[in-house]
$ cat start.pdb   # PDB, C-alpha atoms
ATOM      1  CA  MET A   1     -13.206 -28.638  -1.843  1.00  0.00           C
ATOM      2  CA  HIS A   2      -9.981 -29.020  -3.778  1.00  0.00           C
ATOM      3  CA  THR A   3      -6.495 -28.777  -2.340  1.00  0.00           C
ATOM      4  CA  VAL A   4      -3.209 -28.118  -4.045  1.00  0.00           C
ATOM      5  CA  ALA A   5       0.254 -29.566  -3.723  1.00  0.00           C
ATOM      6  CA  ALA A   6       2.661 -28.130  -1.186  1.00  0.00           C
ATOM      7  CA  GLY A   7       3.987 -24.771  -2.289  1.00  0.00           C
ATOM      8  CA  SER A   8       1.442 -24.260  -5.070  1.00  0.00           C
ATOM      9  CA  LEU A   9      -0.277 -20.887  -5.128  1.00  0.00           C
ATOM     10  CA  ALA A  10      -3.053 -21.698  -7.603  1.00  0.00           C
ATOM     11  CA  PRO A  11      -5.609 -18.860  -7.342  1.00  0.00           C
ATOM     12  CA  ASP A  12      -8.881 -20.782  -7.738  1.00  0.00           C
ATOM     13  CA  HIS A  13      -8.388 -23.449  -5.103  1.00  0.00           C
ATOM     14  CA  THR A  14      -7.871 -23.582  -1.383  1.00  0.00           C
ATOM     15  CA  THR A  15      -4.155 -23.317  -0.651  1.00  0.00           C
ATOM     16  CA  VAL A  16      -2.936 -25.777   1.972  1.00  0.00           C
ATOM     17  CA  VAL A  17       0.008 -24.857   4.165  1.00  0.00           C
ATOM     18  CA  PRO A  18       3.149 -26.694   2.983  1.00  0.00           C
ATOM     19  CA  ASP A  19       5.912 -28.173   5.044  1.00  0.00           C
ATOM     20  CA  ALA A  20       8.153 -25.394   6.407  1.00  0.00           C
ATOM     21  CA  ASP A  21      11.274 -26.605   4.589  1.00  0.00           C
ATOM     22  CA  VAL A  22       9.384 -26.908   1.319  1.00  0.00           C
ATOM     23  CA  PHE A  23       7.970 -23.428   1.743  1.00  0.00           C
ATOM     24  CA  ARG A  24      11.384 -21.980   2.536  1.00  0.00           C
ATOM     25  CA  SER A  25      12.729 -23.539  -0.638  1.00  0.00           C
ATOM     26  CA  LEU A  26       9.838 -22.021  -2.574  1.00  0.00           C
ATOM     27  CA  LEU A  27      10.533 -18.607  -1.064  1.00  0.00           C
ATOM     28  CA  GLU A  28      14.159 -18.574  -2.109  1.00  0.00           C
ATOM     29  CA  ARG A  29      13.761 -20.088  -5.582  1.00  0.00           C
ATOM     30  CA  SER A  30      10.694 -18.182  -6.741  1.00  0.00           C
ATOM     31  CA  GLY A  31      12.391 -15.008  -8.014  1.00  0.00           C
ATOM     32  CA  LEU A  32       9.475 -13.079  -6.462  1.00  0.00           C
ATOM     33  CA  CYS A  33       9.126 -10.926  -3.344  1.00  0.00           C
ATOM     34  CA  LEU A  34       7.394 -13.454  -1.113  1.00  0.00           C
ATOM     35  CA  ALA A  35       6.503 -13.503   2.563  1.00  0.00           C
ATOM     36  CA  ARG A  36       4.347 -15.424   5.014  1.00  0.00           C
ATOM     37  CA  LEU A  37       2.129 -13.529   7.469  1.00  0.00           C
ATOM     38  CA  ASP A  38       0.400 -14.862  10.560  1.00  0.00           C
ATOM     39  CA  LEU A  39      -3.271 -14.157  11.283  1.00  0.00           C
ATOM     40  CA  GLN A  40      -2.296 -10.864  12.959  1.00  0.00           C
ATOM     41  CA  LEU A  41      -0.554  -9.897   9.700  1.00  0.00           C
ATOM     42  CA  ARG A  42       2.924 -10.049  11.215  1.00  0.00           C
ATOM     43  CA  VAL A  43       5.800 -11.186   9.012  1.00  0.00           C
ATOM     44  CA  VAL A  44       6.698 -14.789   9.875  1.00  0.00           C
ATOM     45  CA  GLU A  45       9.091 -15.484   7.029  1.00  0.00           C
ATOM     46  CA  ALA A  46      10.336 -13.626   3.973  1.00  0.00           C
ATOM     47  CA  ASN A  47      12.732 -14.335   1.152  1.00  0.00           C
ATOM     48  CA  ASP A  48      15.792 -12.256   0.266  1.00  0.00           C
ATOM     49  CA  ASP A  49      13.986 -10.358  -2.514  1.00  0.00           C
ATOM     50  CA  PHE A  50      11.267  -9.255  -0.086  1.00  0.00           C
ATOM     51  CA  VAL A  51      13.807  -8.185   2.540  1.00  0.00           C
ATOM     52  CA  THR A  52      15.783  -6.174  -0.027  1.00  0.00           C
ATOM     53  CA  GLN A  53      12.697  -4.541  -1.538  1.00  0.00           C
ATOM     54  CA  PHE A  54      11.558  -3.144   1.801  1.00  0.00           C
ATOM     55  CA  GLY A  55      15.046  -2.181   2.977  1.00  0.00           C
ATOM     56  CA  HIS A  56      15.054  -3.912   6.361  1.00  0.00           C
ATOM     57  CA  SER A  57      17.361  -6.423   7.909  1.00  0.00           C
ATOM     58  CA  ARG A  58      15.803  -9.858   8.221  1.00  0.00           C
ATOM     59  CA  GLU A  59      15.965  -9.622  12.024  1.00  0.00           C
ATOM     60  CA  SER A  60      14.063  -6.334  12.127  1.00  0.00           C
ATOM     61  CA  LEU A  61      11.533  -7.503   9.558  1.00  0.00           C
ATOM     62  CA  LEU A  62      10.389 -10.708  11.251  1.00  0.00           C
ATOM     63  CA  GLY A  63       7.559 -10.125  13.696  1.00  0.00           C
ATOM     64  CA  ARG A  64       6.838  -6.682  12.247  1.00  0.00           C
ATOM     65  CA  SER A  65       3.287  -5.776  11.253  1.00  0.00           C
ATOM     66  CA  PHE A  66       2.902  -5.858   7.485  1.00  0.00           C
ATOM     67  CA  TYR A  67       1.172  -2.476   7.655  1.00  0.00           C
ATOM     68  CA  GLU A  68       4.392  -0.891   8.907  1.00  0.00           C
ATOM     69  CA  LEU A  69       5.891  -1.684   5.509  1.00  0.00           C
ATOM     70  CA  LEU A  70       3.111   0.078   3.604  1.00  0.00           C
ATOM     71  CA  HIS A  71       2.409   3.691   2.861  1.00  0.00           C
ATOM     72  CA  PRO A  72      -0.402   4.933   5.160  1.00  0.00           C
ATOM     73  CA  GLY A  73      -2.557   5.811   2.167  1.00  0.00           C
ATOM     74  CA  VAL A  74      -3.091   2.159   1.229  1.00  0.00           C
ATOM     75  CA  HIS A  75      -3.841   0.835   4.725  1.00  0.00           C
ATOM     76  CA  GLY A  76      -7.609   1.169   4.284  1.00  0.00           C
ATOM     77  CA  PRO A  77      -7.949  -0.769   1.010  1.00  0.00           C
ATOM     78  CA  MET A  78      -5.478  -3.388   2.248  1.00  0.00           C
ATOM     79  CA  ARG A  79      -7.459  -4.002   5.454  1.00  0.00           C
ATOM     80  CA  LYS A  80     -10.619  -4.534   3.428  1.00  0.00           C
ATOM     81  CA  GLN A  81      -8.877  -7.112   1.263  1.00  0.00           C
ATOM     82  CA  PHE A  82      -7.472  -9.070   4.197  1.00  0.00           C
ATOM     83  CA  ASP A  83     -10.861  -8.919   5.943  1.00  0.00           C
ATOM     84  CA  ARG A  84     -12.398 -10.642   2.920  1.00  0.00           C
ATOM     85  CA  LEU A  85      -9.824 -13.430   3.199  1.00  0.00           C
ATOM     86  CA  VAL A  86     -10.491 -13.846   6.918  1.00  0.00           C
ATOM     87  CA  GLU A  87     -14.257 -13.963   6.351  1.00  0.00           C
ATOM     88  CA  GLY A  88     -13.844 -16.567   3.626  1.00  0.00           C
ATOM     89  CA  ARG A  89     -15.419 -14.400   0.946  1.00  0.00           C
ATOM     90  CA  ARG A  90     -12.321 -14.738  -1.208  1.00  0.00           C
ATOM     91  CA  GLN A  91      -9.282 -16.976  -1.378  1.00  0.00           C
ATOM     92  CA  ARG A  92      -6.987 -14.380  -2.907  1.00  0.00           C
ATOM     93  CA  PHE A  93      -6.853 -10.751  -3.958  1.00  0.00           C
ATOM     94  CA  VAL A  94      -4.763  -8.458  -6.133  1.00  0.00           C
ATOM     95  CA  GLU A  95      -4.451  -4.853  -4.976  1.00  0.00           C
ATOM     96  CA  HIS A  96      -2.453  -1.723  -5.784  1.00  0.00           C
ATOM     97  CA  LEU A  97       0.543  -1.363  -3.488  1.00  0.00           C
ATOM     98  CA  ALA A  98       2.518   1.603  -2.230  1.00  0.00           C
ATOM     99  CA  GLY A  99       5.332   0.251  -0.087  1.00  0.00           C
ATOM    100  CA  ILE A 100       8.103   1.933   1.867  1.00  0.00           C
ATOM    101  CA  GLY A 101      11.516   0.827   0.692  1.00  0.00           C
ATOM    102  CA  PRO A 102      15.133   1.713   1.493  1.00  0.00           C
ATOM    103  CA  ARG A 103      15.704   5.237   2.847  1.00  0.00           C
ATOM    104  CA  HIS A 104      11.912   5.538   3.303  1.00  0.00           C
ATOM    105  CA  ALA A 105      11.340   6.011  -0.448  1.00  0.00           C
ATOM    106  CA  VAL A 106       7.907   4.941  -1.653  1.00  0.00           C
ATOM    107  CA  PHE A 107       7.680   2.365  -4.430  1.00  0.00           C
ATOM    108  CA  THR A 108       4.521   1.287  -6.212  1.00  0.00           C
ATOM    109  CA  GLY A 109       3.334  -1.941  -7.781  1.00  0.00           C
ATOM    110  CA  ASP A 110       0.782  -4.583  -6.933  1.00  0.00           C
ATOM    111  CA  ILE A 111       0.366  -7.246  -4.277  1.00  0.00           C
ATOM    112  CA  THR A 112      -1.314 -10.633  -4.356  1.00  0.00           C
ATOM    113  CA  GLY A 113      -2.615 -11.885  -1.016  1.00  0.00           C
ATOM    114  CA  ILE A 114      -3.488 -15.564  -0.612  1.00  0.00           C
ATOM    115  CA  ALA A 115      -5.320 -17.313   2.233  1.00  0.00           C
ATOM    116  CA  VAL A 116      -3.571 -20.490   3.401  1.00  0.00           C
ATOM    117  CA  HIS A 117      -5.529 -23.258   5.150  1.00  0.00           C
ATOM    118  CA  ASP A 118      -4.552 -26.391   7.000  1.00  0.00           C
ATOM    119  CA  ALA A 119      -5.743 -29.885   6.075  1.00  0.00           C
ATOM    120  CA  HIS A 120      -8.982 -29.273   8.016  1.00  0.00           C
ATOM    121  CA  GLY A 121      -9.798 -26.140   6.051  1.00  0.00           C
ATOM    122  CA  ASP A 122      -8.951 -23.707   8.865  1.00  0.00           C
ATOM    123  CA  LEU A 123      -7.229 -20.449   7.951  1.00  0.00           C
ATOM    124  CA  VAL A 124      -3.714 -20.516   9.399  1.00  0.00           C
ATOM    125  CA  GLN A 125      -1.710 -17.841   7.597  1.00  0.00           C
ATOM    126  CA  PHE A 126      -1.383 -15.630   4.532  1.00  0.00           C
ATOM    127  CA  VAL A 127       1.105 -15.536   1.693  1.00  0.00           C
ATOM    128  CA  VAL A 128       1.828 -12.185   0.048  1.00  0.00           C
ATOM    129  CA  VAL A 129       3.531 -11.767  -3.310  1.00  0.00           C
ATOM    130  CA  VAL A 130       4.785  -8.240  -3.984  1.00  0.00           C
ATOM    131  CA  ASN A 131       5.337  -7.210  -7.593  1.00  0.00           C
ATOM    132  CA  PRO A 132       7.004  -3.766  -7.657  1.00  0.00           C
ATOM    133  CA  GLU A 133       6.970  -1.658 -10.790  1.00  0.00           C
ATOM    134  CA  LYS A 134      10.028  -2.334 -12.897  1.00  0.00           C
ATOM    135  CA  GLY A 135      12.825   0.117 -13.516  1.00  0.00           C
ATOM    136  CA  GLU A 136      14.070   3.206 -11.764  1.00  0.00           C
ATOM    137  CA  GLN A 137      11.660   5.469  -9.931  1.00  0.00           C
ATOM    138  CA  PRO A 138      13.583   8.754  -9.963  1.00  0.00           C
ATOM    139  CA  ASN A 139      10.610  10.741  -8.666  1.00  0.00           C
ATOM    140  CA  ALA A 140      10.035   8.477  -5.676  1.00  0.00           C
ATOM    141  CA  VAL A 141       8.378  10.243  -2.771  1.00  0.00           C
ATOM    142  CA  VAL A 142      10.284   9.969   0.501  1.00  0.00           C
ATOM    143  CA  VAL A 143       8.133   9.244   3.536  1.00  0.00           C
ATOM    144  CA  ASP A 144       9.428  10.717   6.777  1.00  0.00           C
ATOM    145  CA  ARG A 145       6.700   8.979   8.813  1.00  0.00           C
ATOM    146  CA  ASN A 146       5.114  12.370   9.512  1.00  0.00           C
ATOM    147  CA  ARG A 147       1.799  13.578   8.163  1.00  0.00           C
ATOM    148  CA  ILE A 148       2.707  15.550   5.066  1.00  0.00           C
ATOM    149  CA  LEU A 149      -0.314  17.761   4.324  1.00  0.00           C
ATOM    150  CA  THR A 150      -1.910  20.529   6.304  1.00  0.00           C
ATOM    151  CA  GLU A 151      -5.704  20.649   6.551  1.00  0.00           C
ATOM    152  CA  LEU A 152      -5.677  23.471   4.015  1.00  0.00           C
ATOM    153  CA  ASP A 153      -3.419  21.503   1.647  1.00  0.00           C
ATOM    154  CA  ALA A 154      -5.894  18.627   1.812  1.00  0.00           C
ATOM    155  CA  ARG A 155      -8.885  20.815   0.972  1.00  0.00           C
ATOM    156  CA  ILE A 156      -7.031  22.375  -1.969  1.00  0.00           C
ATOM    157  CA  LEU A 157      -5.952  18.981  -3.284  1.00  0.00           C
ATOM    158  CA  GLU A 158      -9.516  17.693  -3.071  1.00  0.00           C
ATOM    159  CA  GLY A 159     -10.694  20.775  -4.968  1.00  0.00           C
ATOM    160  CA  ILE A 160      -8.095  20.314  -7.699  1.00  0.00           C
ATOM    161  CA  ALA A 161      -9.138  16.667  -8.049  1.00  0.00           C
ATOM    162  CA  THR A 162     -12.753  17.736  -8.647  1.00  0.00           C
ATOM    163  CA  GLY A 163     -11.653  20.270 -11.299  1.00  0.00           C
ATOM    164  CA  GLU A 164     -12.057  23.495  -9.338  1.00  0.00           C
ATOM    165  CA  SER A 165     -10.190  26.528 -10.647  1.00  0.00           C
ATOM    166  CA  THR A 166      -7.767  28.621  -8.616  1.00  0.00           C
ATOM    167  CA  VAL A 167     -10.341  31.432  -8.461  1.00  0.00           C
ATOM    168  CA  ARG A 168     -13.041  29.094  -7.169  1.00  0.00           C
ATOM    169  CA  LEU A 169     -10.693  27.552  -4.591  1.00  0.00           C
ATOM    170  CA  ALA A 170      -9.575  30.985  -3.414  1.00  0.00           C
ATOM    171  CA  SER A 171     -13.164  32.126  -2.965  1.00  0.00           C
ATOM    172  CA  ARG A 172     -14.337  28.987  -1.172  1.00  0.00           C
ATOM    173  CA  LEU A 173     -11.331  28.742   1.161  1.00  0.00           C
ATOM    174  CA  PHE A 174     -11.016  32.511   1.795  1.00  0.00           C
ATOM    175  CA  LEU A 175      -7.549  32.719   0.277  1.00  0.00           C
ATOM    176  CA  SER A 176      -5.926  34.916  -2.323  1.00  0.00           C
ATOM    177  CA  ARG A 177      -5.073  33.386  -5.687  1.00  0.00           C
ATOM    178  CA  GLN A 178      -1.410  33.660  -4.721  1.00  0.00           C
ATOM    179  CA  GLY A 179      -2.160  31.795  -1.497  1.00  0.00           C
ATOM    180  CA  VAL A 180      -3.733  28.903  -3.417  1.00  0.00           C
ATOM    181  CA  GLU A 181      -0.784  28.775  -5.815  1.00  0.00           C
ATOM    182  CA  TYR A 182       1.641  28.726  -2.900  1.00  0.00           C
ATOM    183  CA  HIS A 183      -0.024  25.655  -1.377  1.00  0.00           C
ATOM    184  CA  VAL A 184      -0.237  23.960  -4.775  1.00  0.00           C
ATOM    185  CA  GLY A 185       3.472  24.593  -5.335  1.00  0.00           C
ATOM    186  CA  THR A 186       4.297  23.104  -1.936  1.00  0.00           C
ATOM    187  CA  MET A 187       2.360  19.926  -2.756  1.00  0.00           C
ATOM    188  CA  LEU A 188       3.972  19.656  -6.182  1.00  0.00           C
ATOM    189  CA  LYS A 189       7.367  19.586  -4.463  1.00  0.00           C
ATOM    190  CA  LYS A 190       6.294  17.123  -1.763  1.00  0.00           C
ATOM    191  CA  LEU A 191       4.805  14.653  -4.235  1.00  0.00           C
ATOM    192  CA  LYS A 192       7.383  15.406  -6.940  1.00  0.00           C
ATOM    193  CA  ALA A 193       4.785  16.156  -9.594  1.00  0.00           C
ATOM    194  CA  PRO A 194       5.402  18.588 -12.509  1.00  0.00           C
ATOM    195  CA  ASN A 195       1.852  19.947 -12.765  1.00  0.00           C
ATOM    196  CA  ARG A 196      -1.647  19.735 -11.278  1.00  0.00           C
ATOM    197  CA  ALA A 197      -2.776  16.795 -13.386  1.00  0.00           C
ATOM    198  CA  ALA A 198       0.292  14.829 -12.347  1.00  0.00           C
ATOM    199  CA  LEU A 199      -0.275  15.893  -8.722  1.00  0.00           C
ATOM    200  CA  VAL A 200      -3.748  14.351  -8.707  1.00  0.00           C
ATOM    201  CA  SER A 201      -2.531  11.208 -10.461  1.00  0.00           C
ATOM    202  CA  ARG A 202       0.354  10.900  -8.018  1.00  0.00           C
ATOM    203  CA  ALA A 203      -1.961  11.419  -5.058  1.00  0.00           C
ATOM    204  CA  TYR A 204      -4.269   8.628  -6.226  1.00  0.00           C
ATOM    205  CA  SER A 205      -1.407   6.226  -6.934  1.00  0.00           C
ATOM    206  CA  LEU A 206       0.032   6.725  -3.439  1.00  0.00           C
ATOM    207  CA  GLY A 207      -3.324   6.499  -1.706  1.00  0.00           C
ATOM    208  CA  VAL A 208      -3.347  10.158  -0.612  1.00  0.00           C
ATOM    209  CA  LEU A 209      -6.695  10.451  -2.401  1.00  0.00           C
ATOM    210  CA  SER A 210      -9.094   7.595  -1.840  1.00  0.00           C
ATOM    211  CA  VAL A 211     -10.208   5.783  -4.987  1.00  0.00           C
ATOM    212  CA  ALA A 212     -13.444   4.736  -3.264  1.00  0.00           C
ATOM    213  CA  SER A 213     -15.054   8.152  -2.752  1.00  0.00           C
ATOM    214  CA  TRP A 214     -16.538  10.989  -4.745  1.00  0.00           C
ATOM    215  CA  PRO A 215     -16.022  13.836  -4.362  1.00  0.00           C
ATOM    216  CA  PRO A 216     -12.352  12.993  -3.762  1.00  0.00           C
ATOM    217  CA  ARG A 217     -11.206  12.816  -0.157  1.00  0.00           C
ATOM    218  CA  VAL A 218      -7.688  12.910   1.282  1.00  0.00           C
ATOM    219  CA  SER A 219      -6.902  10.059   3.679  1.00  0.00           C
ATOM    220  CA  PRO A 220      -6.674  11.322   7.297  1.00  0.00           C
ATOM    221  CA  ASP A 221      -3.327   9.490   7.511  1.00  0.00           C
ATOM    222  CA  TYR A 222      -1.827  12.319   5.465  1.00  0.00           C
ATOM    223  CA  VAL A 223      -3.238  15.301   7.311  1.00  0.00           C
ATOM    224  CA  LYS A 224      -1.360  16.992  10.143  1.00  0.00           C
TER
END
$ encode --input "start.pdb" --output "structure tokens"
Amino acid sequence: MHTVAAGSLAPDHTTVVPDADVFRSLLERSGLCLARLDLQLRVVEANDDFVTQFGHSRESLLGRSFYELLHPGVHGPMRKQFDRLVEGRRQRFVEHLAGIGPRHAVFTGDITGIAVHDAHGDLVQFVVVVNPEKGEQPNAVVVDRNRILTELDARILEGIATGESTVRLASRLFLSRQGVEYHVGTMLKKLKAPNRAALVSRAYSLGVLSVASWPPRVSPDYVK
């Protein structure tokens, strides 16, 4: 088994935990959103870019569960990825990210998670590197920490994602056509999408619709 020098995050080798001062220097000089997590996925240390990206003070961030910083729709895929690291099936992963930033606005991007081992090969912590999408996100969805869809909204969204027409949805859900359009309009506003195609795309990107199921299913985290 190969090891790497302190602070190196080479993807194809076992990463060994560096000296704390060395790691802190790496955090601040990297130009990336970097943080260390313990085995319970609580934030142990984070650099200024990470703190700013998620909109917390450093004091409130440390000790917080990493999942509290993520949109509920991506909790499931993220747990699976970290489970693979814990089980030793992978040393790193790259996954789509929907995080909750300042003023509870959702931002998207990707995250790299890396398993860190001690000199004996035991897993001791994780390093996460967050790479948010560049540029302004004027249509950012604001998360109020409440479930945002009714059960009926969820069924309509799932139907739209499978290509069902308004007439078919109305018949299956015992609604009028105007009733279906009302619920669609409400979801367009909530997810800040201009049309149905964009609504489905937005829902997938935020994790509202699971990418791992067909027919499409809305995550229970979103349903009131």
$ closest_residue --input "start.pdb" --among "A:Ile156, A:Ala203, A:Val116, A:Val124" --to "Arg177 (chain A)" --atoms "only C-alpha atoms"
A:Ile156
$ closest_residue --input "start.pdb" --among "A:Lys134, A:Arg90, A:Arg196, A:Lys224" --to "Gly163 (chain A)" --atoms "only C-alpha atoms"
A:Arg196
$ resolve_selection --input "start.pdb" --expression "the PyMOL selection byres ((chain A and resi 39) around 12)" --output "list of chain:residue names"
A:Arg36, A:Leu37, A:Asp38, A:Gln40, A:Leu41, A:Arg42, A:Val43, A:Val44, A:Gly63, A:Ser65, A:Phe66, A:Phe82, A:Asp83, A:Leu85, A:Val86, A:Ile114, A:Ala115, A:Val116, A:His117, A:Asp122, A:Leu123, A:Val124, A:Gln125, A:Phe126, A:Val127
$ residues_around --input "start.pdb" --residues "Val129 (chain A)" --least-positions-apart "2" --cutoff "12 Å" --atoms "all atoms listed in the file" --output "PyMOL selection string"
chain A and resi 9+27+30-37+46-47+49-50+53+92-97+109-115+126-127+131-132
$ residues_around --input "start.pdb" --residues "Ala170 (chain A)" --least-positions-apart "6" --cutoff "10 Å" --atoms "only C-alpha atoms" --output "MDAnalysis selection string"
chainID A and resid 156 164 176:181
$ closest_residue --input "start.pdb" --among "A:Trp214, A:Leu149, A:Ser165, A:Leu69" --to "His183 (chain A)" --atoms "all atoms listed in the file"
A:Leu149
$ resolve_selection --input "start.pdb" --expression "the PyMOL selection byres ((chain A and resi 221) around 7)" --output "number ranges by chain"
A: 72-73, 147, 219-220, 222-223
$ write_last_selection --input "start.pdb" --atoms "C-alpha atoms" --output "compact mmCIF listing (two decimals), in the frame of the given file"
# COMPACT_ATOMS: atom_id res chain seq x y z
CA PRO A 72 -0.40 4.93 5.16
CA GLY A 73 -2.56 5.81 2.17
CA ARG A 147 1.80 13.58 8.16
CA SER A 219 -6.90 10.06 3.68
CA PRO A 220 -6.67 11.32 7.30
CA TYR A 222 -1.83 12.32 5.46
CA VAL A 223 -3.24 15.30 7.31
$ atom_distance --input "start.pdb" --atom1 "CA of Ala193 (chain A)" --atom2 "CA of Leu175 (chain A)"
22.9 Å
$ atom_distance --input "start.pdb" --atom1 "CA of Val51 (chain A)" --atom2 "CA of Arg64 (chain A)"
12.0 Å
$ closest_residue --input "start.pdb" --among "A:Val218, A:Met78, A:Val106, A:Leu206" --to "Asp153 (chain A)" --atoms "all atoms listed in the file"
A:Val218
$ atom_distance --input "start.pdb" --atom1 "CA of Ala98 (chain A)" --atom2 "CA of Leu70 (chain A)"
6.1 Å
